[in-house]
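One structure is given here, and the rest of the page talks about it.
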Amino acid sequence: MEFTSGKGRALALAGALATAFAWTTASAQAPIKVGVLHSLSGTMAISETTLKDTVLMMVDDINKKGGLLGRKVEAVVVDPASNWPLFAEKARELLTKEKVDVVFGCWTSVSRKSVLPVFEELNGLLFYPVQYEGEESSRNVFYTGAAPNQQAIPAVEYLMSKDGGEAKRWVLAGTDYVYPRTTNKILEAFLISKGVAKEDIMINYTPFGHSDWQTIVADIKKFASAGKKTAVVSTINGDANVPFYKELANAGISAKDIPVVAFSVGEEELAGIDTKNLVGHLAAWNYFQSVKSPVNDGFIKQWRAFIKNEKRVTNDPMEATYIGFKMWAQAVAQAGTTNVDAVRQAMYGQKTAAPGGFESVMNTNHHLSKPVLIGEIQANGQFDIVWATKGPVKADAWSPFIPESAKLKADWTYPWVCGNCAEPKYKM
Amino acid sequence: MRDHPTYPLLTPRGWLVFALVGLVLLAVPAANQWAATGSAAHLPDYLVPLIGKYCTYAMLALALDLIWGYAGILSLGHGAFFALGGYCMGMYMMRQIGTRGVYGNADLPDFMVFLNWKELPWYWQGFDMFWFAALMALVVPGILAFVVGWLTFRSRVTGVYLSIITQAMTFALLLAFFRNNMGFGGNNGLTDFKEILGFPIQAQTTRVGLYVASVIGLGLTFLICRAVVTSKLGRVCLALRDAESRVRFLGYSTTGAKLFVFTLSAVLAGLAGALYVPQVGIINPSEFSPANSIEIAIWVAVGGRGTLSGAVLGAFAVNWAKTWLTGAAPEVWLFFLGLLFVAVTLLFPKGVTGLVQQVRNRLATRAIPRQAEGD
Amino acid sequence: MKQSRVPRRGPERGGAGQPADAAPQSWIRRAAAGLVAISAFLLIHVSASAATLEDLLAKLATDSFAEKVEAAEALGSLGDGRAIPALRALTDGRLYARKDAGPVIEDGSVFRDALTRQPVAGLAAADLDKVRANNRLRGVLEGALSKLSLFSDVKAERLAAARDAFKVGSAEMATTLERALATEKDTDVAAAIRFSLTAAKISSGTPEQRVLSIRELAGSMDPQVRNLIAGVRNDASQPKEVKDAADTALAAMDRKLMLSGIAENLFQGISLGSVLLLAAVGLAITFGVMGVINMAHGEMIMLGAYTAYTVQLVCRALLPPEWVGSYLLLSVPIAFVVAGLVGVLIERTVIRFLYGRPLETLLSTWGISLILQQAVRSIFDAQNKEVANPEWMTGGFELIGGFYIAWNRLYIILFCFMVLGAIALVLRRTAFGLHMRAVTQNRDMAAAMGIPTARVDALTFGLGSGIAGMAGVALSQIGNVSPNLGQIYIVDSFLVVVFGGVGNLMGTLVGAMTLGVVNKLLEPVAGAVLGKVVVLVAIILFMQRRPRGLFALKGRSVDA
């Protein structure tokens with residue numbers, strides 16, 4: 001049994017290889033290939049499979065509308081299995097063996113760092129859809145998730161406001177990796193600039209997948225009993241959030257007393273938690289499923305129809321994938337080719353109506369301008385939007401709150417043409 | 001295995017196979033560099049680092065087979081030695097970045113600048129020199145193995161207990177290296193390398209150079225392991241794998257023998273790690289994860305535990321299957337891999353090499369009557 | 001578009017880009033907003049007495065948070081108990097605004113008028129607009145509710161309100177409390193009111209009164225009271241004697257809180273220990289009795305957790321809402337059976353061919369674990385699944401000041417010991433247990449005595465897996481239910497079993513508890529990561545002294 005199926009697979013692969021070979025020399029009628037580099041197994045599968053499905057949905061949608069440049073669009077899905085070196089291997093395979101025109105992928109910072117040299121070496125194009133720490137702008141990557149100034153700082157400003165509860169004391173709790181470290185570093189500088197004393201800031205780091213939160217939740221309670229209104233800013237990552245919130249709910253901490261604002265908890269994460277006792281805790285994103293707009297209604301409808309499940313939720317990284325794909329398709333149509341250099345030029349200033357409301361714009365630093373929304377967790381696992389910026393906020397690739405990066409600028413158009421320069425590459 | 005009074009390093013036929021495999025492996029870059037693009041003999045660029053990576057995995061499998069297959073010690077922490085070797089090489093390449101880093105600091109790697117560190121910690125000193133880093137890639141895993149081995153073998157921790165202790169060791173290192181304050185780049189590890197020994201790391205010629213180094217490393221590792229298993233020490237190891245107490249009662253120092261092979265094995269794993277990192281371009285704590293170490297044991301088991309060629313074969317086969325299946329069947333590849341492991345243990349308990357041996361034996365017994373017919 | 005209703009703020013770049021430029025502007029803007037708010041507040045106060053309940057309720061259902069806050073405050077001061085249902089409904093998110101009439105309250109499937117409590121028929125969802133709350137408003141609502149509840153007819157409500165009142169701590173609250181105290185007849189409630197009154201007065205009155213209040217409160221161990229006193233201490237405008245009294249009080253409280261902190265730490269340690277024990281005890285059986293390294297053990301835990309999820313889904317579909325919480329009790333035996341059957345299946349199809357080759361079972365069970373993970377991922381998809389704490393497991397209680405015990409933790413500890421007791425009973429009191437022990441001690445001899453070792457093996461493996469399944473139900477209450485669930489616990493489980501000594505239930509118990517408590521005692525000192533590293537290194541060193549774990553099984557075999 002095993003052998004026959006193995007042989008069948010080998011034949012199929014040989015066939016696929018042959019066709020792939022044929023395509024490289026074939027006419028313009030060959031499909032446009034879109035690589036999907038999201039973990040389908042291992043620890044990150046929880047978050048990333050949804051994004052894989054989102055890209056497939058977008059591909060399906062564009063094909064229904066007649067394809068792109070008169071050609072069909074074809075998705076090439078691989079599984080980097082939450083294994084960072086495997087990400088680099090699969091990225092190389094997609095770009096050189098499959099010869100894809102664009103890749104949508106990665107979630108964790110380390111996976112992006114792992115594939116970055118590959119994309120730069122082979123001049124590929126990567127759309128990265130997750131909120132991240134900034135401090136980067138690669139020529140070959142478009143970042144459609146939020147930078148810290150599109151998430152963290154507005155959230156803290158809200159908590160400082162009257163409606164947010166006028167927090168005076170801050171717990172910055174995060175998973176020990178680069179995104180929380182950067183965000184907390186920026187926030188600490190920001191809080192101090194707003195007159196918060198150093199002893200009123202508690203910073204705590206936990207390992208990935210931390211599952212026993214008793215001590216930390218008890219510590220937060222103690223820290224909060226010092227006579228000042230306390231708020232928690234959580235950059236706790238993915239898997240560790242469920243036990244954290246369960247502990248929080250059962251330790252009798254209500255959002256009235258100690259509000260928690262999270263940057264990595266969206267509708268998808270809440271789907272794994274009973275939110276009855278978490279009402280009022282907050283999250284800051286550029287998109288919530290509860291945004292009322294025609295574009296969003298269409299997005300949700302399209303997603304549920306595609307995934308064939310009326311209960312599936314949408315979230316911010318999905319929206320970022322949606323925006324990225326739309327912009328890429330527009331840029332390809334505008335450039336008339338899938339050539340990476342041409343598409344990159346066409347990307348700048350590309351606009352699309354985002355499900356999060358407003359029009360998102362791609363800037364020359366390869367990051368988006370998007371609105372910032374703050375939502376409160378509701379008993380049904382959704383967010384109620386309690387605050388929003390007036391208009392889109394432009395992402396800073398380099399944070400002005402970190403001394404080393406304050407002097408750097410990312411701009412990939414003339415005369416700068418650089419992702420991390422203190423002065424333009426070319427003199428005007 | 002049949003007993004001989006003395007083992008040669010390799011039989012004449014063994015040398016032939018060794019040379020042939022070596023030639024085939026060395027032909028890979030030749031086919032990549034000199035064969036015309038588009039011709040049947042041409043090898044795509046991406047295969048060079050890929051096969052190079054497999055070579056380092058095969059070295060790692062050899063290192064584990066040496067202690068598991070021959071001395072009966074199942075280390076579930078061999079990934080740690082591999083990763084430590086890799087980190088040493090990564091530290092060298094981090095220092096080579098110099099001012100080309102994001103923040104342009106000549107001395108400090110980017111992540112240290114970012115953590116507001118003002119000077120290089122003491123344990124990073126000297127890693128700007130290649131010879132020192134290369135030496136450390138062997139010495140650091142060696143010392144760790146020696147210490148852990150000395151502590152455990154001395155008090156006769158054996159079998160499963162030893163396996164779990166080594167697993168705890170790699171798990172502890174995993175957690176420690178995750179910490180940003182350790183000074184090894186935390187979860188992101190070391191990446192963004194620019195050059196090695198002055199050669200740009202992304203150039204295809206550098207890749208080919210690293211690949212050739214890996215093939216030579218694999219050959220050397222194989223010969224070293226072979227030398228150990230054919231020596232008297234190797235036979236003591238075999239004996240203590242099968243009945244440790246008896247060996248002890250016969251007056252042999254089992255602790256010394258085990259300690260030697262364990263340390264040697266760790267050094268070889270470190271060498272593999274040092275060759276692995278420049279080809280992959282990143283080293284981070286996930287290499288320490290217990291699952292990775294278990295996987296090494298699986299390569300060895302699939303290939304055939306207790307045969308060196310089996311370890312090499314297993315490493316290549318399982319990793320090739322993984323590369324292929326994650327692309328060809330991304331949604332269900334874990335089913336195939338899982339079934340493969342179950343099937344191997346149930347159907348070919350001695351791995352692929354054992355299967356070959358079985359088939360050959362059966363053919364040999366059948367061949368006798370056939371020969372009379374004049375085959 | 002709902003968008004336009006959302007209050008917006010901030011310059012184009014979110015205030016993040018150029019804080020220096022943005023600051024003066026926003027200062028002026030805030031000052032102006034403050035002036036407007038103050039004048040609005042004065043106006044309200046003038047008209048508050050004249051405002052009817054109806055007007056205020058209508059105002060509660062407006063869009064502006066500022067107006068809602070004013071309405072809630074006014075309703076609290078009005079002292080009219082008829083406002084209570086509306087305030088509660090707003091807290092719970094059940095209050096809806098109507099277009100042309102007063103707000104309505106969602107009550108199950110019907111909507112009732114907020115004032116008359118009469119059902120309102122013929123309302124379409126499109127006509128209704130949910131009234132939103134934010135955390136500031138919820139705080140005000142709580143204050144208003146506790147003011148109103150102080151005059152409730154039900155003693156329990158009055159008591160709860162009196163106890164909660166000090167958290168609000170405003171001067172206005174103090175007058176309300178005094179009014180309530182004058183009419184209160186019940187001694188318990190009166191005592192609670194007096195306490196809250198003291199707390200409310202802590203920052204008002206003459207300095208001597210304040211010192212007295214602080215001294216009186218110092219006997220409490222409630223962190224909220226500490227919070228209050230610390231607030232006085234931090235207030236720069238307080239005279240020195242008040243600050244000194246606060247310092248003494250805080251020191252006294254901190255001493256007591258430290259003791260309760262140690263007790264809390266111990267409890268957390270035992271709780272973690274019980275989680276480890278639950279995860280490891282099944283492994284102790286399969287590993288100890290059969291010498292099988294079952295790498296798929298974690299996946300048995302996962303299967304148990306998914307069983308709980310499935311049972312919950314079925315219960316939600318079939319049972320009336322008040323019975324849904326019982327799904328958890330129902331899923332314990334079901335999980336045992338499901339995981340146990342899978343265990344027996346694995347033993348019969350794979351593991352029985354591998355006896356005597358313990359390290360090869362590692363390989364095949366690793367393969368099985370990959371298959372099981374992927375199977376669950378294919379059936380249930382890769383996302384986390386929501387397994388709710390039933391009502392009786394939600395929240396917790398404060399044992400002594402600052403020492404809070406969560407119900408789910410307590411139940412898991414109890415459950416863990418029940419499971420352990422049940423296993424001990426099976427091992428000591430049943431024929432199967434006897435056979436199992438015989439096989440553990442000497443397999444060949446047991447076989448020679450006529451014990452069907454093959455059947456014992458299958459049942460033992462089933463038992464071990466079944467217990468892992470039950471553990472999964474318990475762990476679903478505190479953590480993720482995802483395909484990776486098993487991987488979280490597998491390394492720790494092996495450590496516990498080996499540390500305690502293979503093949504010994506007592507060893508597993510002591511091992512798990514030791515690891516749990518040591519881990520939790522180290523965590524506040526060394527941090528979560530370093531604490532765990534220290535524990536791991538300590539285990540490695542400990543194994544030098546006792547190469548066979550804490551409780552080594554004594555036998556005659558040299559190579560055992």
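Chain lettering (A, B, ...) mirrors the order of the structure tokens, residue numbering begins at 1 for each chain separately, and ligand numbering begins at 1 in order of display.
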
What are the closest atom pairs, with distances in Å to one decimal, for each residue of chain B lying within 6 Å of chain C, using only C-alpha atoms, rows by chain and rising residue number, as JSON lines?
```
{"residue": "B:Thr152", "atom": "CA", "partner": "C:Gln544", "partner_atom": "CA", "distance": 5.9}
{"residue": "B:Ser155", "atom": "CA", "partner": "C:Gln544", "partner_atom": "CA", "distance": 5.6}
{"residue": "B:Val157", "atom": "CA", "partner": "C:Pro547", "partner_atom": "CA", "distance": 5.0}
{"residue": "B:Ile165", "atom": "CA", "partner": "C:Ile540", "partner_atom": "CA", "distance": 6.0}
{"residue": "B:Ala172", "atom": "CA", "partner": "C:Val533", "partner_atom": "CA", "distance": 5.0}
{"residue": "B:Leu334", "atom": "CA", "partner": "C:Leu370", "partner_atom": "CA", "distance": 6.0}
{"residue": "B:Phe335", "atom": "CA", "partner": "C:Ile371", "partner_atom": "CA", "distance": 5.0}
{"residue": "B:Gly338", "atom": "CA", "partner": "C:Gly367", "partner_atom": "CA", "distance": 3.8}
{"residue": "B:Phe341", "atom": "CA", "partner": "C:Gly367", "partner_atom": "CA", "distance": 5.1}
{"residue": "B:Val342", "atom": "CA", "partner": "C:Ser364", "partner_atom": "CA", "distance": 4.4}
```

Residue neighbourhood stretch 242-246 of chain A, 7 Å, only C-alpha atoms, exclusion window fewer than 2 positions, as number ranges by chain: A: 211, 213, 239-240, 248-250, 273; C: 478-480

With only C-alpha atoms considered, list every residue of chain A at most 6 Å from chain C, as a list of chain:residue names.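 Residues satisfying the distance criterion: A:Ile46, A:Asn149, A:Asp163, A:Gly165, A:Ser225, A:Ala226, A:Gly227, A:Val242, A:Pro243, A:Asn250, A:Ala251, A:Gly252, A:Lys256, A:Gly272, A:Ile273, A:Asp274, A:Lys292, A:Trp387, A:Ala388, A:Thr389, A:Lys390, A:Val393, A:Lys394.
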
Which residues are near A:Ala75? Cut-off 12 Å, only C-alpha atoms, ignore same chain within fewer than 2 positions. Put them as a ChimeraX atom specification. /A:31-37,52-60,62-63,72-73,77-78,94,98-104

Could you tell me which residues of chain A sit within 6 Å of chain B when counting only C-alpha atoms, and give me the result as a compact mmCIF listing (two decimals) with N, CA, C and O atoms, in the first residue's frame?
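Writing the result to part-v5.txt gives the following:
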```txt
# COMPACT_ATOMS: atom_id res chain seq x y z
N VAL A 78 3.50 25.78 0.94
CA VAL A 78 4.48 24.89 1.56
C VAL A 78 4.32 25.00 3.07
O VAL A 78 3.71 25.94 3.58
N ASP A 79 4.86 24.04 3.79
CA ASP A 79 4.75 24.05 5.25
C ASP A 79 6.12 24.16 5.88
O ASP A 79 6.85 23.19 5.96
N VAL A 110 11.37 35.95 14.16
CA VAL A 110 12.54 35.13 13.85
C VAL A 110 12.38 34.45 12.50
O VAL A 110 13.34 34.31 11.75
N TYR A 177 11.02 38.04 23.79
CA TYR A 177 11.63 38.05 22.47
C TYR A 177 11.60 39.46 21.93
O TYR A 177 11.24 40.39 22.64
```

Which of stretch 21-243 of chain A counts as strand (DSSP E) under DSSP, as a PyMOL selection string please? chain A and resi 32-37+73-78+102-105+126-128+141-143+169-175+201-206+230-235

Quick one: residues within 12 Å of stretch 210-215 of chain C, only C-alpha atoms counted, chain neighbours fewer than 2 positions away excluded, as number ranges by chain? C: 194-208, 217-220, 225-226, 228-233, 238-253

Would you write out those residues with N, CA and C atoms, as a tab-separated table (two decimals), in the first residue's frame?
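Wrote it out as selection38.tsv, contents follow:
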```tsv
chain	number	residue	atom	x	y	z
C	194	ARG	N	-19.67	50.74	58.73
C	194	ARG	CA	-18.75	51.54	59.54
C	194	ARG	C	-17.32	51.44	58.99
C	195	PHE	N	-16.96	50.22	58.63
C	195	PHE	CA	-15.61	50.02	58.07
C	195	PHE	C	-15.42	50.83	56.78
C	196	SER	N	-16.39	50.74	55.91
C	196	SER	CA	-16.28	51.47	54.64
C	196	SER	C	-16.30	52.97	54.89
C	197	LEU	N	-17.05	53.37	55.92
C	197	LEU	CA	-17.12	54.79	56.24
C	197	LEU	C	-15.76	55.30	56.69
C	198	THR	N	-15.12	54.49	57.53
C	198	THR	CA	-13.76	54.84	57.96
C	198	THR	C	-12.86	55.01	56.73
C	199	ALA	N	-12.98	54.07	55.82
C	199	ALA	CA	-12.15	54.12	54.61
C	199	ALA	C	-12.47	55.35	53.78
C	200	ALA	N	-13.75	55.67	53.71
C	200	ALA	CA	-14.16	56.81	52.89
C	200	ALA	C	-13.62	58.11	53.48
C	201	LYS	N	-13.46	58.10	54.82
C	201	LYS	CA	-13.04	59.35	55.47
C	201	LYS	C	-11.53	59.48	55.55
C	202	ILE	N	-10.82	58.51	55.03
C	202	ILE	CA	-9.39	58.46	55.24
C	202	ILE	C	-8.68	59.69	54.69
C	203	SER	N	-9.24	60.27	53.65
C	203	SER	CA	-8.55	61.43	53.08
C	203	SER	C	-9.30	62.73	53.34
C	204	SER	N	-10.26	62.69	54.28
C	204	SER	CA	-10.95	63.94	54.60
C	204	SER	C	-11.00	64.09	56.12
C	205	GLY	N	-11.56	65.16	56.60
C	205	GLY	CA	-11.62	65.40	58.05
C	205	GLY	C	-10.32	66.00	58.55
C	206	THR	N	-10.26	66.20	59.88
C	206	THR	CA	-9.04	66.78	60.45
C	206	THR	C	-7.93	65.76	60.40
C	207	PRO	N	-6.67	66.23	60.45
C	207	PRO	CA	-5.55	65.28	60.43
C	207	PRO	C	-5.68	64.22	61.52
C	208	GLU	N	-6.16	64.62	62.71
C	208	GLU	CA	-6.27	63.63	63.81
C	208	GLU	C	-7.25	62.54	63.42
C	217	LEU	N	-7.93	51.09	60.15
C	217	LEU	CA	-7.90	50.27	58.93
C	217	LEU	C	-6.69	49.34	58.89
C	218	ALA	N	-5.64	49.69	59.65
C	218	ALA	CA	-4.40	48.94	59.56
C	218	ALA	C	-4.57	47.47	59.91
C	219	GLY	N	-5.66	47.16	60.67
C	219	GLY	CA	-5.87	45.76	61.04
C	219	GLY	C	-6.29	44.90	59.85
C	220	SER	N	-6.76	45.54	58.80
C	220	SER	CA	-7.25	44.77	57.65
C	220	SER	C	-6.09	44.23	56.83
C	225	VAL	N	-7.49	47.86	50.72
C	225	VAL	CA	-7.32	48.81	51.82
C	225	VAL	C	-5.89	49.34	51.81
C	226	ARG	N	-4.97	48.44	51.55
C	226	ARG	CA	-3.57	48.85	51.46
C	226	ARG	C	-3.40	49.89	50.35
C	228	LEU	N	-5.59	51.91	49.33
C	228	LEU	CA	-6.18	53.17	49.79
C	228	LEU	C	-5.20	53.93	50.68
C	229	ILE	N	-4.61	53.22	51.65
C	229	ILE	CA	-3.67	53.88	52.58
C	229	ILE	C	-2.43	54.36	51.82
C	230	ALA	N	-1.97	53.52	50.90
C	230	ALA	CA	-0.80	53.92	50.11
C	230	ALA	C	-1.12	55.18	49.30
C	231	GLY	N	-2.36	55.28	48.86
C	231	GLY	CA	-2.78	56.47	48.12
C	231	GLY	C	-2.63	57.72	48.99
C	232	VAL	N	-3.03	57.60	50.27
C	232	VAL	CA	-2.88	58.72	51.21
C	232	VAL	C	-1.40	59.04	51.41
C	233	ARG	N	-0.61	57.97	51.53
C	233	ARG	CA	0.82	58.14	51.75
C	233	ARG	C	1.47	58.88	50.57
C	238	GLN	N	-0.86	65.77	52.06
C	238	GLN	CA	-1.20	65.31	53.41
C	238	GLN	C	-0.14	65.80	54.42
C	239	PRO	N	-0.59	66.16	55.64
C	239	PRO	CA	0.40	66.56	56.66
C	239	PRO	C	1.28	65.39	57.10
C	240	LYS	N	2.36	65.76	57.78
C	240	LYS	CA	3.37	64.74	58.10
C	240	LYS	C	2.82	63.64	59.02
C	241	GLU	N	2.02	64.04	60.04
C	241	GLU	CA	1.58	63.00	60.99
C	241	GLU	C	0.70	61.96	60.29
C	242	VAL	N	-0.08	62.41	59.32
C	242	VAL	CA	-0.92	61.46	58.58
C	242	VAL	C	-0.04	60.50	57.79
C	243	LYS	N	0.99	61.08	57.17
C	243	LYS	CA	1.89	60.24	56.38
C	243	LYS	C	2.60	59.23	57.26
C	244	ASP	N	3.03	59.68	58.45
C	244	ASP	CA	3.72	58.77	59.37
C	244	ASP	C	2.79	57.63	59.78
C	245	ALA	N	1.55	57.99	60.11
C	245	ALA	CA	0.58	56.96	60.49
C	245	ALA	C	0.39	55.98	59.34
C	246	ALA	N	0.35	56.52	58.11
C	246	ALA	CA	0.18	55.65	56.95
C	246	ALA	C	1.38	54.72	56.82
C	247	ASP	N	2.57	55.27	57.05
C	247	ASP	CA	3.77	54.44	56.96
C	247	ASP	C	3.73	53.28	57.95
C	248	THR	N	3.37	53.61	59.22
C	248	THR	CA	3.29	52.56	60.23
C	248	THR	C	2.26	51.52	59.82
C	249	ALA	N	1.11	52.00	59.37
C	249	ALA	CA	0.06	51.07	58.99
C	249	ALA	C	0.52	50.19	57.83
C	250	LEU	N	1.17	50.81	56.86
C	250	LEU	CA	1.62	50.04	55.69
C	250	LEU	C	2.64	48.99	56.10
C	251	ALA	N	3.55	49.38	57.01
C	251	ALA	CA	4.56	48.42	57.45
C	251	ALA	C	3.90	47.22	58.13
C	252	ALA	N	2.93	47.52	59.00
C	252	ALA	CA	2.24	46.44	59.71
C	252	ALA	C	1.51	45.54	58.71
C	253	MET	N	0.87	46.17	57.74
C	253	MET	CA	0.13	45.37	56.75
C	253	MET	C	1.08	44.53	55.92
```

Write out as a compact mmCIF listing (two decimals) with N, CA and C atoms, in the first residue's frame each polymer residue whose atoms come within 9 Å of B:Ser163, counting only C-alpha atoms; drop sequence neighbours fewer than 4 positions from it.
```txt
# COMPACT_ATOMS: atom_id res chain seq x y z
N ILE B 73 24.34 4.34 24.65
CA ILE B 73 23.87 5.50 25.41
C ILE B 73 22.97 6.31 24.50
N LEU B 74 21.67 6.37 24.79
CA LEU B 74 20.81 7.21 23.96
C LEU B 74 20.79 8.62 24.53
N SER B 75 21.50 9.50 23.85
CA SER B 75 21.48 10.90 24.28
C SER B 75 20.32 11.59 23.59
N LEU B 76 19.42 12.17 24.39
CA LEU B 76 18.34 12.96 23.80
C LEU B 76 18.69 14.44 23.91
N GLY B 77 19.98 14.72 23.97
CA GLY B 77 20.41 16.11 24.07
C GLY B 77 21.50 16.44 23.08
N THR B 158 22.20 5.23 33.98
CA THR B 158 22.17 4.56 32.67
C THR B 158 20.79 4.60 32.05
N GLY B 159 20.74 4.07 30.86
CA GLY B 159 19.46 3.82 30.17
C GLY B 159 18.59 5.05 30.06
N GLN B 167 18.04 15.09 28.04
CA GLN B 167 16.93 15.90 27.55
C GLN B 167 16.75 17.14 28.43
N ALA B 168 16.86 16.93 29.74
CA ALA B 168 16.75 18.07 30.65
C ALA B 168 17.85 19.08 30.37
```

Find the residues around A:Trp328 up to 8 Å (only C-alpha atoms counted), leave out those fewer than 3 positions away in its own chain, and share them as a ChimeraX atom specification. /A:324-325,331-332,343,347

Which neighbours of A:Cys418 fall inside 12 Å, counting only C-alpha atoms, when residues of the same chain fewer than 5 positions from it are skipped, and could you give them as a list of chain:residue names?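 Close residues of A:Cys418: A:Glu136, A:Ser137, A:Ser138, A:Arg139, A:Asn140, A:Thr364, A:Asn365, A:His366, A:Ala397, A:Leu408, A:Lys409, A:Ala410, A:Asp411, A:Trp412, A:Thr413, A:Glu423, A:Pro424, A:Lys425, A:Tyr426, B:Val102.
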
Keeping only N, CA and C atoms, take the residues you just selected and write them out as a CSV table (one decimal), in the first residue's frame.
```csv
chain,number,residue,atom,x,y,z
A,136,GLU,N,13.2,47.9,11.0
A,136,GLU,CA,13.6,47.2,9.9
A,136,GLU,C,12.9,47.8,8.7
A,137,SER,N,13.6,47.8,7.5
A,137,SER,CA,12.9,48.1,6.3
A,137,SER,C,13.7,47.5,5.2
A,138,SER,N,13.3,46.4,4.7
A,138,SER,CA,14.0,45.7,3.6
A,138,SER,C,13.4,46.1,2.3
A,139,ARG,N,14.3,46.2,1.3
A,139,ARG,CA,13.9,46.5,-0.1
A,139,ARG,C,12.9,45.4,-0.6
A,140,ASN,N,13.0,44.2,-0.1
A,140,ASN,CA,12.3,43.1,-0.6
A,140,ASN,C,11.1,42.7,0.2
A,364,THR,N,6.7,54.9,1.2
A,364,THR,CA,7.9,54.5,0.6
A,364,THR,C,8.9,53.9,1.6
A,365,ASN,N,8.5,53.8,2.8
A,365,ASN,CA,9.3,53.0,3.8
A,365,ASN,C,8.8,51.6,3.9
A,366,HIS,N,8.0,51.2,2.9
A,366,HIS,CA,7.5,49.8,2.8
A,366,HIS,C,6.5,49.5,4.0
A,397,ALA,N,9.1,53.1,10.5
A,397,ALA,CA,10.0,51.9,10.5
A,397,ALA,C,11.0,51.9,11.6
A,408,LEU,N,17.8,57.2,12.1
A,408,LEU,CA,17.7,56.5,10.9
A,408,LEU,C,16.3,56.7,10.2
A,409,LYS,N,16.4,56.6,8.8
A,409,LYS,CA,15.2,56.8,8.1
A,409,LYS,C,15.1,55.7,7.0
A,410,ALA,N,13.9,55.3,6.7
A,410,ALA,CA,13.7,54.4,5.6
A,410,ALA,C,12.9,55.1,4.5
A,411,ASP,N,13.4,55.1,3.3
A,411,ASP,CA,12.7,55.6,2.2
A,411,ASP,C,13.4,55.0,0.9
A,412,TRP,N,12.6,54.3,0.2
A,412,TRP,CA,13.1,53.5,-0.9
A,412,TRP,C,13.0,54.3,-2.3
A,413,THR,N,12.7,55.6,-2.2
A,413,THR,CA,12.7,56.3,-3.4
A,413,THR,C,13.8,57.3,-3.5
A,423,GLU,N,21.5,59.6,6.2
A,423,GLU,CA,21.4,60.6,5.1
A,423,GLU,C,21.1,59.9,3.8
A,424,PRO,N,20.6,60.7,2.8
A,424,PRO,CA,20.3,60.1,1.5
A,424,PRO,C,21.5,59.5,0.8
A,425,LYS,N,21.2,58.5,0.0
A,425,LYS,CA,22.3,57.8,-0.7
A,425,LYS,C,22.8,58.7,-1.8
A,426,TYR,N,21.8,59.5,-2.5
A,426,TYR,CA,22.2,60.4,-3.5
A,426,TYR,C,22.0,61.8,-3.1
B,102,VAL,N,22.8,47.1,11.4
B,102,VAL,CA,21.8,48.1,11.2
B,102,VAL,C,22.2,49.4,12.0
```

As a PyMOL selection string, please: every residue in stretch 385-520 of chain C that DSSP puts in helix (DSSP H, G or I). chain C and resi 391-393+407-429+431-441+443-448+453-475+485-500+505-520

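If you look at atom CA of B:Thr263 and atom CA of B:Thr307, they are 19.6 Å away from each other.
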
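Put simply, atom CA of B:Leu138 is 25.0 Å away from atom CA of B:Phe18.
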